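Dumped target17.tsv below, it's TSV, C-alpha atoms and all ligand atoms:
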```tsv
chain	number	residue	atom	x	y	z
A	1	MET	CA	29.14	137.41	262.80
A	2	THR	CA	30.24	134.33	264.76
A	3	THR	CA	27.42	131.94	265.63
A	4	ALA	CA	27.43	129.91	268.84
A	5	LEU	CA	25.11	127.06	269.71
A	6	VAL	CA	24.71	126.58	273.46
A	7	THR	CA	23.06	123.47	274.91
A	8	GLY	CA	21.91	124.02	278.49
A	9	ILE	CA	21.27	127.70	277.80
A	10	THR	CA	18.46	127.82	280.39
A	11	GLY	CA	20.85	126.69	283.15
A	12	GLN	CA	23.21	128.76	285.30
A	13	ASP	CA	26.25	128.62	283.02
A	14	GLY	CA	24.18	128.84	279.83
A	15	GLY	CA	22.84	132.22	280.95
A	16	TYR	CA	26.21	133.74	281.82
A	17	LEU	CA	27.85	132.29	278.72
A	18	ALA	CA	25.10	133.66	276.47
A	19	GLN	CA	25.55	137.08	278.10
A	20	LEU	CA	29.31	136.97	277.49
A	21	LEU	CA	28.94	135.88	273.85
A	22	LEU	CA	26.30	138.53	273.11
A	23	ALA	CA	28.63	141.18	274.54
A	24	LYS	CA	31.27	139.94	272.10
A	25	GLY	CA	28.88	140.38	269.17
A	26	TYR	CA	27.97	136.71	268.65
A	27	ARG	CA	24.72	135.37	267.32
A	28	VAL	CA	23.66	133.07	270.18
A	29	VAL	CA	21.35	130.13	269.58
A	30	GLY	CA	20.22	127.98	272.50
A	31	LEU	CA	18.84	124.47	272.60
A	32	LEU	CA	15.59	124.39	274.56
A	33	ARG	CA	14.07	121.16	275.79
A	34	ARG	CA	10.32	121.20	275.60
A	35	SER	CA	8.51	121.49	278.92
A	36	ALA	CA	4.90	121.88	279.98
A	37	SER	CA	6.00	124.64	282.38
A	38	SER	CA	6.73	127.13	279.64
A	39	ASP	CA	6.05	130.08	281.96
A	40	VAL	CA	9.30	129.49	283.88
A	41	ILE	CA	11.50	128.57	280.90
A	42	GLY	CA	14.07	131.25	280.34
A	43	GLU	CA	13.77	132.67	283.87
A	44	ARG	CA	17.55	133.02	284.19
A	45	LEU	CA	17.89	134.60	280.74
A	46	ARG	CA	15.15	137.06	281.71
A	47	TRP	CA	16.96	137.85	284.99
A	48	LEU	CA	20.09	138.64	282.96
A	49	GLY	CA	18.02	140.80	280.57
A	50	ILE	CA	18.91	138.74	277.48
A	51	LEU	CA	15.86	136.53	276.88
A	52	ASP	CA	14.88	138.49	273.77
A	53	LYS	CA	18.47	138.61	272.47
A	54	VAL	CA	19.04	134.87	272.08
A	55	GLU	CA	17.37	132.48	269.62
A	56	LEU	CA	15.89	129.37	271.22
A	57	ILE	CA	15.31	126.17	269.25
A	58	ASP	CA	13.48	123.07	270.48
A	59	GLY	CA	15.59	119.96	270.78
A	60	ASN	CA	16.88	117.41	273.26
A	61	LEU	CA	20.29	115.96	274.01
A	62	SER	CA	18.77	112.47	273.93
A	63	ASP	CA	17.45	112.96	270.41
A	64	LEU	CA	20.28	112.81	267.88
A	65	SER	CA	17.98	113.70	265.01
A	66	SER	CA	17.02	116.97	266.71
A	67	LEU	CA	20.70	117.83	267.17
A	68	ILE	CA	21.47	117.07	263.53
A	69	ARG	CA	18.55	119.23	262.38
A	70	ILE	CA	19.60	122.12	264.63
A	71	ILE	CA	23.26	122.02	263.62
A	72	GLN	CA	22.21	121.88	259.97
A	73	ASP	CA	19.90	124.91	260.39
A	74	VAL	CA	22.13	127.00	262.65
A	75	ALA	CA	25.56	126.23	261.07
A	76	PRO	CA	27.38	127.15	264.31
A	77	ASP	CA	31.04	128.17	264.44
A	78	GLU	CA	31.22	127.19	268.12
A	79	VAL	CA	29.21	124.59	270.03
A	80	TYR	CA	29.14	124.68	273.84
A	81	ASN	CA	27.72	121.50	275.34
A	82	LEU	CA	26.53	122.56	278.78
A	83	ALA	CA	23.31	120.52	278.98
A	84	ALA	CA	23.25	117.76	281.58
A	85	GLN	CA	21.39	116.21	284.47
A	86	SER	CA	23.83	118.08	286.67
A	87	PHE	CA	22.67	117.38	290.23
A	88	VAL	CA	24.99	114.75	291.72
A	89	ALA	CA	22.57	113.65	294.47
A	90	ALA	CA	19.80	112.97	291.93
A	91	SER	CA	22.11	110.78	289.87
A	92	TRP	CA	21.75	107.90	292.36
A	93	GLN	CA	17.97	108.09	292.00
A	94	GLN	CA	18.09	108.40	288.20
A	95	PRO	CA	21.34	106.75	287.13
A	96	LEU	CA	20.15	105.70	283.69
A	97	LEU	CA	18.68	109.06	282.78
A	98	THR	CA	21.89	110.69	284.01
A	99	GLY	CA	23.91	108.32	281.83
A	100	ALA	CA	21.65	108.93	278.84
A	101	VAL	CA	21.74	112.74	279.05
A	102	THR	CA	25.01	113.64	280.78
A	103	GLY	CA	27.03	110.87	279.12
A	104	LEU	CA	25.47	109.67	275.87
A	105	GLY	CA	23.92	113.10	275.26
A	106	ALA	CA	27.42	114.55	274.90
A	107	ALA	CA	28.28	111.76	272.44
A	108	ASN	CA	25.16	112.71	270.48
A	109	VAL	CA	26.33	116.31	270.21
A	110	LEU	CA	29.82	115.18	269.18
A	111	GLU	CA	28.30	112.91	266.52
A	112	ALA	CA	26.10	115.69	265.17
A	113	VAL	CA	29.12	118.02	264.97
A	114	ARG	CA	31.27	115.34	263.34
A	115	ILE	CA	28.65	114.48	260.70
A	116	ILE	CA	27.28	117.95	259.88
A	117	ARG	CA	29.75	120.60	260.96
A	118	PRO	CA	33.22	119.15	261.67
A	119	GLN	CA	34.83	122.58	261.31
A	120	ALA	CA	32.90	123.90	264.34
A	121	ARG	CA	34.79	124.25	267.61
A	122	PHE	CA	33.34	122.17	270.44
A	123	TYR	CA	33.38	122.70	274.21
A	124	GLN	CA	32.48	119.95	276.70
A	125	ALA	CA	31.46	120.84	280.26
A	126	SER	CA	33.59	118.35	282.17
A	127	SER	CA	33.67	118.33	285.93
A	128	SER	CA	35.96	118.13	288.96
A	129	GLU	CA	33.54	115.43	290.19
A	130	MET	CA	35.52	113.09	287.90
A	131	TYR	CA	38.37	113.26	290.46
A	132	GLY	CA	35.98	111.88	293.11
A	133	LEU	CA	38.09	109.90	295.53
A	134	ILE	CA	41.05	112.14	294.94
A	135	GLN	CA	44.35	110.57	293.87
A	136	SER	CA	46.37	113.69	294.59
A	137	GLU	CA	45.93	116.42	297.21
A	138	ILE	CA	45.64	119.10	294.51
A	139	GLN	CA	44.08	118.14	291.17
A	140	ASN	CA	45.30	119.18	287.73
A	141	GLU	CA	45.00	117.86	284.16
A	142	ARG	CA	47.36	114.96	284.91
A	143	THR	CA	45.57	113.71	288.05
A	144	PRO	CA	43.88	110.29	287.57
A	145	PHE	CA	40.09	110.21	287.79
A	146	TYR	CA	38.08	108.16	290.32
A	147	PRO	CA	34.36	108.94	289.89
A	148	ARG	CA	32.14	108.46	292.94
A	149	SER	CA	28.60	108.91	291.56
A	150	PRO	CA	26.58	107.94	288.49
A	151	TYR	CA	26.86	111.61	287.50
A	152	ALA	CA	30.66	111.53	287.65
A	153	CYS	CA	30.75	108.24	285.71
A	154	ALA	CA	28.62	109.80	282.97
A	155	LYS	CA	30.80	112.93	282.89
A	156	LEU	CA	33.93	110.81	282.60
A	157	TYR	CA	32.46	109.03	279.58
A	158	ALA	CA	31.60	112.38	277.97
A	159	HIS	CA	35.06	113.72	278.79
A	160	THR	CA	36.95	110.78	277.31
A	161	MET	CA	34.68	110.81	274.24
A	162	THR	CA	35.62	114.46	273.71
A	163	VAL	CA	39.32	113.57	273.87
A	164	ASN	CA	38.69	110.61	271.57
A	165	TYR	CA	36.84	112.65	268.94
A	166	ARG	CA	39.66	115.17	268.98
A	167	GLU	CA	42.23	112.41	268.46
A	168	SER	CA	40.16	110.23	266.07
A	169	PHE	CA	38.55	112.82	263.84
A	170	GLY	CA	40.65	115.92	264.38
A	171	LEU	CA	37.73	117.90	265.82
A	172	HIS	CA	38.58	121.14	267.59
A	173	ALA	CA	37.11	119.66	270.78
A	174	SER	CA	38.13	120.97	274.20
A	175	SER	CA	37.08	119.99	277.70
A	176	GLY	CA	36.95	122.33	280.65
A	177	ILE	CA	37.37	120.41	283.89
A	178	LEU	CA	35.52	122.98	285.92
A	179	PHE	CA	35.46	122.99	289.70
A	180	ASN	CA	32.27	124.13	291.45
A	181	HIS	CA	31.08	127.55	290.42
A	182	GLU	CA	28.11	129.36	291.82
A	183	SER	CA	26.11	132.57	291.45
A	184	PRO	CA	22.69	134.03	292.22
A	185	LEU	CA	21.49	131.90	289.27
A	186	ARG	CA	22.64	128.61	290.82
A	187	GLY	CA	19.86	126.00	291.12
A	188	ILE	CA	18.30	126.03	294.59
A	189	GLU	CA	19.17	122.34	295.17
A	190	PHE	CA	22.94	122.97	295.19
A	191	VAL	CA	24.46	123.58	298.58
A	192	THR	CA	25.68	127.19	298.25
A	193	ARG	CA	22.36	128.45	296.91
A	194	LYS	CA	20.42	126.35	299.43
A	195	ILE	CA	22.48	128.08	302.12
A	196	THR	CA	22.11	131.65	300.80
A	197	ASP	CA	18.38	131.09	300.27
A	198	GLY	CA	18.20	129.75	303.84
A	199	VAL	CA	20.07	132.80	305.15
A	200	ALA	CA	17.59	135.11	303.42
A	201	ARG	CA	14.55	133.21	304.77
A	202	ILE	CA	15.90	133.21	308.30
A	203	LYS	CA	16.84	136.90	308.11
A	204	LEU	CA	13.33	137.82	306.96
A	205	GLY	CA	11.63	135.63	309.58
A	206	LEU	CA	10.33	133.13	307.03
A	207	ALA	CA	12.26	130.20	308.55
A	208	GLU	CA	14.22	129.43	311.70
A	209	GLU	CA	16.64	126.74	310.66
A	210	LEU	CA	18.38	125.20	307.69
A	211	GLN	CA	18.83	121.43	307.22
A	212	LEU	CA	22.04	120.31	305.52
A	213	GLY	CA	23.97	117.06	305.05
A	214	ASN	CA	27.75	116.68	305.29
A	215	LEU	CA	29.27	119.94	306.54
A	216	GLU	CA	32.87	118.70	306.38
A	217	ALA	CA	33.11	118.21	302.60
A	218	ARG	CA	35.44	120.74	300.97
A	219	ARG	CA	34.91	122.43	297.62
A	220	ASP	CA	36.89	124.84	295.46
A	221	TRP	CA	34.18	127.41	294.70
A	222	GLY	CA	34.34	130.20	292.13
A	223	HIS	CA	31.88	132.54	290.39
A	224	ALA	CA	30.11	131.24	287.26
A	225	ARG	CA	30.71	134.56	285.46
A	226	ASP	CA	34.47	134.00	285.73
A	227	TYR	CA	34.19	130.36	284.62
A	228	VAL	CA	32.25	130.93	281.39
A	229	ARG	CA	35.07	133.26	280.31
A	230	ALA	CA	37.43	130.27	280.53
A	231	MET	CA	35.08	128.23	278.29
A	232	TRP	CA	35.18	130.91	275.62
A	233	LEU	CA	38.96	131.30	275.87
A	234	MET	CA	39.44	127.55	275.28
A	235	LEU	CA	37.65	127.78	271.93
A	236	GLN	CA	39.76	130.78	270.84
A	237	GLN	CA	43.00	128.74	271.00
A	238	ASP	CA	44.60	127.40	267.82
A	239	GLN	CA	44.82	123.93	269.36
A	240	PRO	CA	42.03	122.19	271.29
A	241	ASP	CA	42.97	120.91	274.76
A	242	ASP	CA	41.72	120.16	278.27
A	243	TYR	CA	41.99	122.64	281.12
A	244	VAL	CA	41.32	122.64	284.84
A	245	VAL	CA	39.40	125.76	285.91
A	246	ALA	CA	39.49	126.44	289.66
A	247	THR	CA	40.31	129.12	292.22
A	248	GLY	CA	42.95	127.12	294.12
A	249	ARG	CA	41.19	127.70	297.45
A	250	THR	CA	39.24	124.91	299.18
A	251	THR	CA	36.64	125.54	301.89
A	252	THR	CA	34.31	123.35	303.96
A	253	ILE	CA	30.53	123.62	303.69
A	254	ARG	CA	30.61	124.60	307.38
A	255	GLU	CA	32.89	127.56	306.62
A	256	PHE	CA	30.76	128.63	303.65
A	257	CYS	CA	27.78	128.64	306.05
A	258	ARG	CA	29.70	130.89	308.43
A	259	ILE	CA	30.59	133.32	305.63
A	260	ALA	CA	27.07	133.41	304.18
A	261	PHE	CA	25.23	133.80	307.49
A	262	ALA	CA	27.67	136.56	308.48
A	263	CYS	CA	26.66	138.48	305.31
A	264	ALA	CA	23.24	138.93	306.93
A	265	GLY	CA	24.60	139.55	310.43
A	266	LEU	CA	23.63	136.02	311.55
A	267	GLU	CA	25.54	133.17	313.23
A	268	ALA	CA	25.43	129.88	311.31
A	269	GLU	CA	25.82	127.74	314.45
A	270	ARG	CA	22.45	128.98	315.72
A	271	HIS	CA	20.50	127.94	312.64
A	272	VAL	CA	22.20	125.09	310.76
A	273	ARG	CA	21.04	121.53	311.56
A	274	THR	CA	22.33	118.36	309.95
A	275	SER	CA	20.29	115.43	308.74
A	276	THR	CA	21.62	112.01	307.76
A	277	THR	CA	18.93	111.85	305.03
A	278	LEU	CA	20.95	114.48	303.12
A	279	MET	CA	24.17	112.45	303.18
A	280	ARG	CA	25.26	110.82	299.89
A	281	PRO	CA	25.87	107.08	299.33
A	282	ALA	CA	29.48	107.93	298.39
A	283	GLU	CA	30.92	111.37	299.11
A	284	VAL	CA	33.56	113.45	297.37
A	285	ASP	CA	35.32	114.70	300.49
A	286	VAL	CA	37.78	117.23	299.06
A	287	LEU	CA	38.24	119.09	295.80
A	288	HIS	CA	41.13	121.52	295.35
A	289	GLY	CA	42.07	122.56	291.85
A	290	ASP	CA	45.33	123.70	290.28
A	291	ALA	CA	44.52	125.96	287.30
A	292	THR	CA	48.15	126.75	286.42
A	293	LYS	CA	47.70	125.57	282.81
A	294	ALA	CA	44.64	127.78	282.28
A	295	ARG	CA	46.53	130.74	283.75
A	296	GLU	CA	49.64	130.20	281.64
A	297	ARG	CA	47.99	129.27	278.32
A	298	LEU	CA	44.65	131.10	278.45
A	299	GLY	CA	45.63	134.01	280.67
A	300	TRP	CA	42.64	133.05	282.84
A	301	GLN	CA	42.26	133.40	286.56
A	302	ALA	CA	39.36	133.66	288.97
A	303	GLU	CA	38.54	137.24	289.85
A	304	VAL	CA	35.70	136.95	292.38
A	305	SER	CA	36.54	135.93	295.96
A	306	LEU	CA	34.41	133.47	297.91
A	307	GLU	CA	33.38	136.26	300.30
A	308	ASP	CA	32.17	138.47	297.42
A	309	LEU	CA	30.40	135.52	295.79
A	310	ALA	CA	28.55	134.68	299.01
A	311	ALA	CA	27.61	138.33	299.56
A	312	GLU	CA	26.22	138.64	296.02
A	313	MET	CA	24.18	135.46	296.44
A	314	VAL	CA	22.79	136.45	299.85
A	315	GLU	CA	21.85	139.91	298.54
A	316	ALA	CA	20.04	138.39	295.55
A	317	ASP	CA	18.13	135.92	297.73
A	318	LEU	CA	17.15	138.65	300.18
A	319	ALA	CA	15.84	140.73	297.28
A	320	ARG	CA	13.89	137.74	295.86
A	321	HIS	CA	12.20	136.98	299.19
A	322	ARG	CA	11.48	140.65	299.91
A	323	ARG	CA	9.71	140.91	296.54
A	324	ARG	CA	7.66	137.78	297.34
A	325	VAL	CA	6.50	138.94	300.78
A	326	SER	CA	5.76	142.55	299.79
A	401	LIG	P1	22.30	123.50	285.28
A	401	LIG	O1	21.76	122.29	285.96
A	401	LIG	O2	21.98	124.85	285.82
A	401	LIG	O3	21.81	123.49	283.73
A	401	LIG	C1	21.65	122.30	283.02
A	401	LIG	C2	21.05	122.61	281.67
A	401	LIG	O4	20.91	121.39	280.93
A	401	LIG	C3	19.65	123.24	281.72
A	401	LIG	O5	19.57	124.22	280.70
A	401	LIG	C4	18.76	122.07	281.39
A	401	LIG	O6	17.51	122.44	280.83
A	401	LIG	C5	19.61	121.36	280.35
A	401	LIG	N1	19.19	119.98	280.10
A	401	LIG	C6	19.02	118.98	280.98
A	401	LIG	N2	18.64	117.84	280.37
A	401	LIG	C7	18.56	118.15	279.03
A	401	LIG	C8	18.23	117.41	277.88
A	401	LIG	N3	17.88	116.10	277.96
A	401	LIG	N4	18.27	118.03	276.68
A	401	LIG	C9	18.60	119.33	276.58
A	401	LIG	N5	18.91	120.09	277.64
A	401	LIG	C10	18.90	119.50	278.86
A	401	LIG	O7	23.88	123.30	285.16
A	401	LIG	P2	25.06	124.39	285.26
A	401	LIG	O8	24.71	125.54	284.40
A	401	LIG	O9	25.45	124.58	286.66
A	401	LIG	O10	26.26	123.56	284.60
A	401	LIG	C11	26.46	123.56	283.18
A	401	LIG	C12	27.21	122.30	282.80
A	401	LIG	O11	28.48	122.29	283.46
A	401	LIG	C13	26.54	120.99	283.19
A	401	LIG	O12	26.85	120.04	282.20
A	401	LIG	C14	27.21	120.62	284.50
A	401	LIG	O13	27.15	119.22	284.71
A	401	LIG	C15	28.62	121.11	284.23
A	401	LIG	N6	29.39	121.51	285.38
A	401	LIG	C16	28.89	122.42	286.27
A	401	LIG	C17	29.65	122.87	287.30
A	401	LIG	C18	29.13	123.85	288.29
A	401	LIG	O14	29.73	124.01	289.34
A	401	LIG	N7	28.05	124.56	287.99
A	401	LIG	C19	31.03	122.39	287.49
A	401	LIG	C20	31.47	121.45	286.48
A	401	LIG	C21	30.68	121.04	285.47
A	401	LIG	P3	16.22	122.80	281.76
A	401	LIG	O15	16.35	124.25	282.09
A	401	LIG	O16	15.10	122.49	280.84
A	401	LIG	O17	16.29	121.91	282.97
A	402	LIG	P1	28.42	119.04	293.88
A	402	LIG	O1	27.54	120.27	294.42
A	402	LIG	O2	27.86	117.73	294.28
A	402	LIG	O3	29.83	119.34	294.30
A	402	LIG	O4	28.24	119.17	292.31
A	402	LIG	P2	26.50	120.40	295.61
A	402	LIG	O5	26.40	121.85	295.88
A	402	LIG	O6	25.24	119.65	295.35
A	402	LIG	O7	27.23	119.65	296.83
A	402	LIG	C1	28.49	120.11	297.33
A	402	LIG	C2	28.80	119.41	298.65
A	402	LIG	O8	27.88	119.87	299.66
A	402	LIG	C3	27.47	118.76	300.44
A	402	LIG	N1	26.16	119.05	301.07
A	402	LIG	C4	25.02	119.29	300.42
A	402	LIG	N2	24.74	119.36	299.10
A	402	LIG	C5	23.48	119.65	298.74
A	402	LIG	N3	23.18	119.77	297.44
A	402	LIG	N4	22.48	119.86	299.65
A	402	LIG	C6	22.70	119.77	301.00
A	402	LIG	O9	21.81	119.95	301.81
A	402	LIG	C7	24.04	119.49	301.40
A	402	LIG	N5	24.64	119.37	302.61
A	402	LIG	C8	25.93	119.11	302.40
A	402	LIG	C9	27.42	117.62	299.44
A	402	LIG	O10	27.39	116.35	300.13
A	402	LIG	C10	28.68	117.88	298.64
A	402	LIG	O11	29.79	117.34	299.29
A	402	LIG	C11	28.25	120.42	291.65
A	402	LIG	C12	27.34	120.32	290.42
A	402	LIG	O12	27.21	121.59	289.84
A	402	LIG	C13	27.91	119.37	289.41
A	402	LIG	O13	27.13	119.41	288.20
A	402	LIG	C14	29.35	119.81	289.09
A	402	LIG	O14	29.93	118.93	288.17
A	402	LIG	C15	30.17	119.86	290.37
A	402	LIG	O15	29.56	120.77	291.26
A	402	LIG	C16	31.59	120.32	290.13
```
Would you write the structure of this file as structure tokens?
Ligand code: NDP
Ligand code: GDR
Amino acid sequence: MTTALVTGITGQDGGYLAQLLLAKGYRVVGLLRRSASSDVIGERLRWLGILDKVELIDGNLSDLSSLIRIIQDVAPDEVYNLAAQSFVAASWQQPLLTGAVTGLGAANVLEAVRIIRPQARFYQASSSEMYGLIQSEIQNERTPFYPRSPYACAKLYAHTMTVNYRESFGLHASSGILFNHESPLRGIEFVTRKITDGVARIKLGLAEELQLGNLEARRDWGHARDYVRAMWLMLQQDQPDDYVVATGRTTTIREFCRIAFACAGLEAERHVRTSTTLMRPAEVDVLHGDATKARERLGWQAEVSLEDLAAEMVEADLARHRRRVS
């Protein structure tokens, strides 16, 4: 039986990846950071119906000794490093924590793999945010990076460390440069989920309006379920490499609002308000990915359309709020 260690298993991608690996017959072990709110830990895994099918072990990305102990005990064949302080807006408020977890944390995992289990295959959750102030209209693996937030700076460090460990130590270390991907399990602070949650509240009479920041930014949004498949495919290749994972379609926040509100028979223009307090110190205006390499080498392509993604998210948020009010 193949064993996978997943950091960030309690997050959006961790849940879908664990579900995929279990379906493939893997033993799935997740790193769990200790929290006083133990009642909500594993909420996403419970929602997916897999909480009792994964093994959870206490540890923290900032604590190299915990990672060494876990890798020693678990002896993973594949290590997926998904853990991060992943909210871009928060990275200006907590730049050092973001650097310590999102950047150095990845180096800690790489070190633990190098020292204890160099034969394990390693996946790093890199990000389209690294393109930042885009240097090319459409971004692929050859596009130069220009990070625009402490989060993106930390991710770029983790990304280049992954490349460096591959080249220096011969680790089977791959990086997925993933563009935004969403789902009903997306954290409520991210814009798509904030919007679909807002749609559900407004539809059920629990709110009248939704406050957002920059509506003109464009993102290339896919479904998280599709994107975790690309992570797994990268680790099944003979050679480690870096891959852009994207849909190839870019859409404004304003247009996503229109699509999501329409799912509930509502008009976005009537309910969406903007607030300058939600604008970022430096914005990533446009992201538009070219996943040709992933398609040609991995046989991967996005299957879920933006319209279907929005509909699934709105439905899930309506169901959540209906349960709460009933
Ligand atoms: P989430 O924010 O949903 O999940 C982050 C995970 O990291 C959670 O399980 C969280 O644990 C864990 N974590 C945070 N800090 C630590 C720490 N110090 N030690 C151990 N675990 C920690 O992110 P997503 O699932 O959306 O994304 C997965 C990864 O992919 C992240 O690295 C993200 O930056 C990256 N990424 C995401 C994209 C997207 O569109 N979703 C696109 C490109 C990259 P807890 O539950 O305790 O908070
Ligand atoms: P992003 O996602 O920063 O791209 O990072 P997010 O959904 O937070 O923002 C996308 C765009 O929407 C604009 N925006 C708002 N964003 C939020 N969160 N809340 C608002 O009210 C709002 N109004 C407008 C933002 O300015 C931005 O332009 C996500 C994360 O998952 C990262 O971890 C990951 O690396 C990247 O995607 C790819």
(request) Would you list the contacts of segment 91-98 of chain A as JSON, numbers by chain, taking every protein, DNA or RNA residue within 10 Å and counting only C-alpha atoms, but skipping same-chain residues closer than 2 positions in sequence? (result) {"A": [62, 84, 85, 86, 87, 88, 89, 100, 101, 102, 103, 104, 105, 149, 150, 151, 152, 153, 154, 155, 280, 281, 282]}
(request) Take atom O10 of ligand LIG 402 (chain A) and atom CA of Phe190 of chain A and report the distance between them in Å, one decimal. (result) 9.4 Å
(request) Residues within 7 Å of ligand LIG 401 (chain A), counting all atoms listed in the file: report them as a PyMOL selection string. (result) chain A and resi 7-14+31-33+35+41+59-62+82-87+101-102+125-128+177-182+186-187
(request) Rank A:Ser168, A:Gln236, A:Thr251, A:Thr196 by their smallest atom-to-atom distance to His321 of chain A, using only C-alpha atoms, and report the top residue only. (result)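 When distances to His321 of chain A are compared using only C-alpha atoms, the smallest one comes from A:Thr196.
Between Ile259 of chain A and the residues A:Leu298, A:Ser175, A:Val314, A:Lys203, the shortest atom-to-atom distance, using all atoms listed in the file, involves A:Val314.
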(request) Tell me, in Å to one decimal, how far atom CA of Lys24 of chain A is from atom CA of Thr3 of chain A. (result) 11.0 Å
(message) As an exercise, work out the distance from atom CA of Lys293 of chain A to atom CA of Gln239 of chain A in Å and give it to one decimal place.
(response) 13.9 Å
(request) Would you please work out which residue, of A:Leu206, A:Val272, A:Ala107, A:Ala200, is nearest to ligand LIG 402 (chain A) when using all atoms listed in the file? (result) A:Val272
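Closest approach to Met313 of chain A from the set A:Glu216, A:Asp238, A:Glu208, A:Asp197 is made by A:Asp197, with distances taken over only C-alpha atoms.
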(request) Give as JSON, numbers by chain the set of residues within 12 Å of the point (17.4, 140.7, 271.3), where distances use the file's coordinates and all atoms listed in the file. (result) {"A": [18, 19, 22, 23, 25, 26, 27, 28, 29, 45, 46, 49, 50, 51, 52, 53, 54, 55, 56]}
(message) Considering only C-alpha atoms, can you say which of A:Glu209, A:Asp290, A:Asp241, A:Glu296 comes closest to Thr274 of chain A?
(response)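 With only C-alpha atoms as the atom set, the closest residue is A:Glu209.
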(request) Within 6 Å of Ala291 of chain A, counting all atoms listed in the file, which residues show up once you throw out same-chain ones fewer than 4 positions away? Write them as a PyMOL selection string, please. (result) chain A and resi 244-246
